[in-house]
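Dropping data-v4.tsv in here (TSV, C-alpha atoms):
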```
chain	number	residue	atom	x	y	z
A	13	GLU	CA	-11.03	-1.34	70.51
A	14	PRO	CA	-12.25	-1.15	74.14
A	15	TYR	CA	-10.16	1.98	74.72
A	16	ALA	CA	-11.41	3.70	71.54
A	17	LEU	CA	-15.04	2.83	72.20
A	18	ALA	CA	-14.81	4.03	75.80
A	19	LEU	CA	-13.25	7.29	74.65
A	20	MET	CA	-15.99	7.90	72.08
A	21	THR	CA	-18.88	7.05	74.42
A	22	SER	CA	-17.37	9.27	77.14
A	23	ASP	CA	-18.06	12.19	74.80
A	24	GLY	CA	-21.73	11.21	74.58
A	25	VAL	CA	-21.53	9.27	71.31
A	26	THR	CA	-24.09	6.47	71.26
A	27	THR	CA	-22.81	2.90	71.34
A	28	GLU	CA	-24.18	2.33	67.82
A	29	ASP	CA	-22.39	5.41	66.43
A	30	ALA	CA	-19.20	4.49	68.29
A	31	ASP	CA	-19.30	1.05	66.69
A	32	LEU	CA	-19.67	2.62	63.22
A	33	ARG	CA	-16.81	5.02	63.88
A	34	TRP	CA	-14.67	2.12	65.09
A	35	VAL	CA	-15.27	0.27	61.81
A	36	ALA	CA	-14.18	3.38	59.89
A	37	ARG	CA	-11.04	3.71	62.03
A	38	LYS	CA	-10.16	0.05	61.47
A	39	ARG	CA	-10.44	0.57	57.71
A	40	ARG	CA	-8.13	3.60	57.90
A	41	GLN	CA	-5.67	1.63	60.04
A	42	GLN	CA	-5.45	-1.10	57.40
A	43	ILE	CA	-3.68	1.27	55.00
A	44	LEU	CA	-1.35	2.92	57.51
A	45	GLY	CA	1.55	0.55	56.93
A	46	THR	CA	1.57	1.58	53.28
A	47	LEU	CA	1.87	5.30	54.05
A	48	ASP	CA	4.28	7.69	55.71
A	49	TYR	CA	2.24	8.24	58.88
A	50	SER	CA	3.04	9.97	62.15
A	51	ALA	CA	0.69	10.10	65.12
A	52	PHE	CA	1.10	12.91	67.63
A	53	ILE	CA	-0.55	11.98	70.93
A	54	CYS	CA	-0.86	14.20	74.00
A	55	GLU	CA	0.71	12.74	77.09
A	56	SER	CA	-2.47	13.48	79.05
A	57	ALA	CA	-4.40	11.16	76.71
A	58	LEU	CA	-1.92	8.41	77.55
A	59	ARG	CA	-2.64	8.89	81.23
A	60	THR	CA	-6.45	8.84	80.98
A	61	PRO	CA	-7.66	5.23	81.37
A	62	PHE	CA	-10.70	5.18	79.09
A	63	GLY	CA	-12.30	1.75	79.40
A	64	GLY	CA	-10.38	0.91	82.58
A	65	SER	CA	-6.83	-0.07	83.42
A	66	GLU	CA	-6.76	-3.22	81.26
A	67	ALA	CA	-8.00	-1.35	78.16
A	68	MET	CA	-5.40	1.36	78.86
A	69	ARG	CA	-2.58	-1.17	79.17
A	70	ASP	CA	-3.70	-2.81	75.90
A	71	GLN	CA	-3.82	0.60	74.19
A	72	LEU	CA	-0.30	1.47	75.35
A	73	SER	CA	0.97	-1.93	74.20
A	74	HIS	CA	-0.69	-1.37	70.82
A	75	LEU	CA	1.08	1.98	70.50
A	76	LEU	CA	4.41	0.36	71.41
A	77	THR	CA	4.10	-1.93	68.39
A	78	ALA	CA	3.00	0.84	66.01
A	79	ARG	CA	6.44	1.20	64.47
A	80	ASP	CA	6.25	-2.48	63.43
A	81	ARG	CA	3.25	-1.40	61.33
A	82	GLY	CA	5.07	1.58	59.82
A	83	VAL	CA	3.55	4.20	62.13
A	84	SER	CA	5.65	6.74	64.03
A	85	VAL	CA	4.23	7.65	67.44
A	86	ARG	CA	5.32	10.97	68.93
A	87	VAL	CA	4.21	12.05	72.40
A	88	VAL	CA	3.43	15.71	73.03
A	89	PRO	CA	4.51	16.35	76.64
A	90	GLU	CA	1.92	17.52	79.14
A	91	HIS	CA	1.54	21.16	80.13
A	92	GLN	CA	2.50	22.61	76.77
A	93	PRO	CA	1.04	26.10	76.30
A	94	TYR	CA	-0.53	25.21	72.98
A	95	GLY	CA	-4.17	24.59	72.07
A	96	ILE	CA	-3.25	22.69	68.93
A	97	MET	CA	-4.28	19.35	70.36
A	98	SER	CA	-7.75	20.43	71.45
A	99	HIS	CA	-9.39	18.09	68.94
A	100	SER	CA	-8.48	15.12	66.77
A	101	TRP	CA	-7.52	15.77	63.15
A	102	LEU	CA	-5.85	14.02	60.27
A	103	TYR	CA	-3.77	15.95	57.72
A	104	MET	CA	-3.40	14.07	54.43
A	105	THR	CA	-1.26	14.95	51.44
A	106	TYR	CA	-1.43	13.48	47.96
A	107	PRO	CA	0.86	13.78	44.93
A	108	HIS	CA	-1.54	15.59	42.56
A	109	MET	CA	-3.91	17.54	44.77
A	110	SER	CA	-3.94	19.97	47.66
A	111	PRO	CA	-3.85	18.64	51.25
A	112	VAL	CA	-7.06	17.34	52.79
A	113	LEU	CA	-7.87	17.64	56.46
A	114	ASN	CA	-10.31	15.47	58.41
A	115	VAL	CA	-11.43	16.99	61.70
A	116	GLU	CA	-13.32	14.77	64.12
A	117	VAL	CA	-16.34	16.48	65.61
A	118	SER	CA	-19.09	15.25	67.90
A	119	GLU	CA	-21.33	14.15	65.04
A	120	GLY	CA	-18.66	12.55	62.85
A	121	GLY	CA	-16.04	14.23	60.72
A	122	VAL	CA	-15.59	17.29	58.55
A	123	TYR	CA	-13.26	17.49	55.55
A	124	LEU	CA	-11.42	20.70	54.75
A	125	GLN	CA	-9.20	21.59	51.82
A	126	ASP	CA	-7.05	24.35	50.40
A	127	GLU	CA	-6.76	27.47	52.59
A	128	GLN	CA	-8.91	25.87	55.31
A	129	ALA	CA	-6.31	23.10	55.75
A	130	GLU	CA	-3.28	25.42	55.74
A	131	PRO	CA	-3.38	26.36	59.47
A	132	TYR	CA	-3.05	22.66	60.27
A	133	ARG	CA	0.16	22.44	58.20
A	134	LYS	CA	1.57	25.08	60.54
A	135	MET	CA	0.31	23.07	63.52
A	136	LEU	CA	2.16	20.01	62.21
A	137	ASP	CA	5.38	22.02	62.09
A	138	LEU	CA	4.82	23.13	65.68
A	139	LEU	CA	4.02	19.58	66.80
A	140	ASP	CA	7.19	18.34	65.17
A	141	HIS	CA	9.10	20.92	67.20
A	142	ILE	CA	7.53	20.29	70.64
A	143	ALA	CA	6.88	16.52	70.55
A	144	LEU	CA	9.30	13.96	71.92
A	145	SER	CA	11.32	12.04	69.36
A	146	VAL	CA	10.11	8.59	68.25
A	147	VAL	CA	12.70	6.94	70.53
A	148	GLU	CA	11.84	9.16	73.51
A	149	SER	CA	8.14	8.51	72.94
A	150	TRP	CA	8.68	4.75	72.75
A	151	THR	CA	10.70	4.88	75.99
A	152	MET	CA	7.91	6.78	77.73
A	153	LEU	CA	5.25	4.33	76.49
A	154	ARG	CA	7.36	1.38	77.62
A	155	SER	CA	7.74	2.92	81.08
A	156	MET	CA	3.98	3.53	81.30
A	157	VAL	CA	3.22	-0.10	80.40
A	158	LYS	CA	5.58	-1.24	83.15
A	159	GLY	CA	3.75	1.08	85.57
A	160	LYS	CA	6.65	3.42	86.32
```
If you took the structure in this file and wrote it as structure tokens, what would it be?
Amino acid sequence: EPYALALMTSDGVTTEDADLRWVARKRRQQILGTLDYSAFICESALRTPFGGSEAMRDQLSHLLTARDRGVSVRVVPEHQPYGIMSHSWLYMTYPHMSPVLNVEVSEGGVYLQDEQAEPYRKMLDLLDHIALSVVESWTMLRSMVKGK
């Protein structure tokens, strides 16, 4: 929570809005263990200590235990020549409808569907190709927690 709130307020989000967004994120996190969910995280984000060093260490430890909650964490190595991680987005698929995309923007989130979501499917394929494996990502996170 301290890491997420510090990240949001660093972008100019008010403390009140950040608190509301945190509540929404917590609600989404409650269902993650029941879904097939992969999180792609840029290595540079893992090296930016929003909220200070203690909040960063707690965030990295939280990510290390993600697989215990049914979440795959994949690190996208730094210095990749791709702009696909320029903003946060969530690509969701359902059995009987077209994919839905949630894009986080400065004032909240925007939902896209159908042909507007399709470019993000292609981005997922690219992320799957360039990101470290789950095991490699876990090893990197573990090393970062240990301060190496």
Handout entry: Atomic distance CA of His91 (chain A) - CA of Cys54 (chain A), expressed in Å with one decimal
Key =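 Here the two named atoms are 9.6 Å from each other.
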Exercise for the section: Using only C-alpha atoms, pick whichever of A:Ile53, A:Arg39, A:Gly24, A:Thr151 has the shortest atom-to-atom distance to Arg86 (chain A). Expected result: A:Ile53
Exercise for the section: Determine the nearest neighbour of Ser50 (chain A) from the options A:Ala18, A:Leu136, A:Ala129, A:Leu76, counting only C-alpha atoms. Expected result: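 Once distances to Ser50 (chain A) are computed over only C-alpha atoms, the minimum belongs to A:Leu136.
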Handout entry: Counting all atoms listed in the file, the residue of A:Arg33, A:Arg133, A:Arg69, A:Arg59 that sits nearest Met104 (chain A)
Key = A:Arg133
Practice task
May I have the residues within 10 Å of Val117 (chain A) as a list in words, using all atoms listed in the file and disregarding those fewer than 3 positions away in the same chain?
Solution key: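 The residues that qualify are His99, Ser100, Trp101, Asn114, Gly120, Gly121 and Val122 of chain A.
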Handout entry: Within 7 Å of region 139-150 of chain A using all atoms listed in the file, minus same-chain residues under 5 positions, as a ChimeraX atom specification
Key = /A:76,84-89
Residues as selected, C-alpha atoms, written as a PDB file, keeping the file's coordinate frame, can you do that?
```pdb
ATOM      1  CA  LEU A  76       4.410   0.360  71.410  1.00  0.00           C
ATOM      2  CA  SER A  84       5.650   6.740  64.030  1.00  0.00           C
ATOM      3  CA  VAL A  85       4.230   7.650  67.440  1.00  0.00           C
ATOM      4  CA  ARG A  86       5.320  10.970  68.930  1.00  0.00           C
ATOM      5  CA  VAL A  87       4.210  12.050  72.400  1.00  0.00           C
ATOM      6  CA  VAL A  88       3.430  15.710  73.030  1.00  0.00           C
ATOM      7  CA  PRO A  89       4.510  16.350  76.640  1.00  0.00           C
TER       8      PRO A  89
END
```
Atoms are missing here; could region 61-72 of chain A be completed with all heavy atoms and written as a CSV table (one decimal), keeping the file's coordinate frame?
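Dumped everything to selection-v3.csv:
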```csv
chain,number,residue,atom,x,y,z
A,61,PRO,N,-7.3,6.6,81.6
A,61,PRO,CA,-7.7,5.2,81.4
A,61,PRO,C,-9.1,5.0,80.9
A,61,PRO,O,-9.9,4.4,81.6
A,61,PRO,CB,-7.4,4.6,82.7
A,61,PRO,CG,-7.7,5.7,83.7
A,61,PRO,CD,-7.3,7.0,83.0
A,62,PHE,N,-9.4,5.5,79.7
A,62,PHE,CA,-10.7,5.2,79.1
A,62,PHE,C,-10.9,3.7,79.0
A,62,PHE,O,-10.0,3.0,78.5
A,62,PHE,CB,-10.8,5.8,77.7
A,62,PHE,CG,-10.9,7.3,77.7
A,62,PHE,CD1,-9.8,8.1,77.4
A,62,PHE,CD2,-12.0,8.0,78.2
A,62,PHE,CE1,-9.8,9.4,77.4
A,62,PHE,CE2,-12.1,9.3,78.2
A,62,PHE,CZ,-11.0,10.1,77.8
A,63,GLY,N,-12.0,3.2,79.5
A,63,GLY,CA,-12.3,1.8,79.4
A,63,GLY,C,-11.7,0.9,80.5
A,63,GLY,O,-11.7,-0.3,80.5
A,64,GLY,N,-11.0,1.6,81.5
A,64,GLY,CA,-10.4,0.9,82.6
A,64,GLY,C,-8.9,0.6,82.4
A,64,GLY,O,-8.3,0.9,81.3
A,65,SER,N,-8.3,0.1,83.4
A,65,SER,CA,-6.8,-0.1,83.4
A,65,SER,C,-6.4,-1.1,82.4
A,65,SER,O,-5.3,-1.0,81.8
A,65,SER,CB,-6.3,-0.4,84.8
A,65,SER,OG,-6.9,-1.6,85.3
A,66,GLU,N,-7.1,-2.2,82.2
A,66,GLU,CA,-6.8,-3.2,81.3
A,66,GLU,C,-6.8,-2.7,79.8
A,66,GLU,O,-5.9,-2.9,79.0
A,66,GLU,CB,-7.6,-4.4,81.4
A,66,GLU,CG,-7.2,-5.6,80.5
A,66,GLU,CD,-8.0,-6.9,80.7
A,66,GLU,OE1,-8.6,-7.0,81.8
A,66,GLU,OE2,-8.1,-7.7,79.7
A,67,ALA,N,-7.9,-1.9,79.5
A,67,ALA,CA,-8.0,-1.4,78.2
A,67,ALA,C,-6.9,-0.4,77.9
A,67,ALA,O,-6.3,-0.3,76.8
A,67,ALA,CB,-9.4,-0.7,78.0
A,68,MET,N,-6.5,0.4,79.0
A,68,MET,CA,-5.4,1.4,78.9
A,68,MET,C,-4.1,0.6,78.6
A,68,MET,O,-3.3,1.0,77.7
A,68,MET,CB,-5.3,2.2,80.2
A,68,MET,CG,-4.3,3.3,80.1
A,68,MET,SD,-5.0,4.7,79.1
A,68,MET,CE,-3.7,4.9,78.0
A,69,ARG,N,-3.8,-0.4,79.4
A,69,ARG,CA,-2.6,-1.2,79.2
A,69,ARG,C,-2.5,-1.7,77.8
A,69,ARG,O,-1.5,-1.7,77.1
A,69,ARG,CB,-2.5,-2.3,80.2
A,69,ARG,CG,-1.1,-2.8,80.5
A,69,ARG,CD,-1.0,-3.7,81.7
A,69,ARG,NE,-2.2,-4.4,82.1
A,69,ARG,CZ,-3.0,-4.0,83.1
A,69,ARG,NH1,-2.7,-2.9,83.8
A,69,ARG,NH2,-4.1,-4.7,83.4
A,70,ASP,N,-3.6,-2.3,77.3
A,70,ASP,CA,-3.7,-2.8,75.9
A,70,ASP,C,-3.5,-1.7,74.9
A,70,ASP,O,-2.8,-1.9,73.9
A,70,ASP,CB,-5.1,-3.5,75.6
A,70,ASP,CG,-5.2,-4.8,76.4
A,70,ASP,OD1,-4.2,-5.3,76.9
A,70,ASP,OD2,-6.4,-5.3,76.4
A,71,GLN,N,-4.0,-0.5,75.1
A,71,GLN,CA,-3.8,0.6,74.2
A,71,GLN,C,-2.4,1.0,74.1
A,71,GLN,O,-1.8,1.2,73.1
A,71,GLN,CB,-4.7,1.8,74.6
A,71,GLN,CG,-4.5,3.0,73.8
A,71,GLN,CD,-5.0,2.9,72.3
A,71,GLN,OE1,-5.6,1.9,71.9
A,71,GLN,NE2,-4.7,3.9,71.5
A,72,LEU,N,-1.7,1.1,75.3
A,72,LEU,CA,-0.3,1.5,75.4
A,72,LEU,C,0.6,0.4,74.7
A,72,LEU,O,1.5,0.8,73.9
A,72,LEU,CB,0.2,1.7,76.8
A,72,LEU,CG,-0.5,2.9,77.5
A,72,LEU,CD1,-0.1,2.8,79.0
A,72,LEU,CD2,0.0,4.2,76.9
```
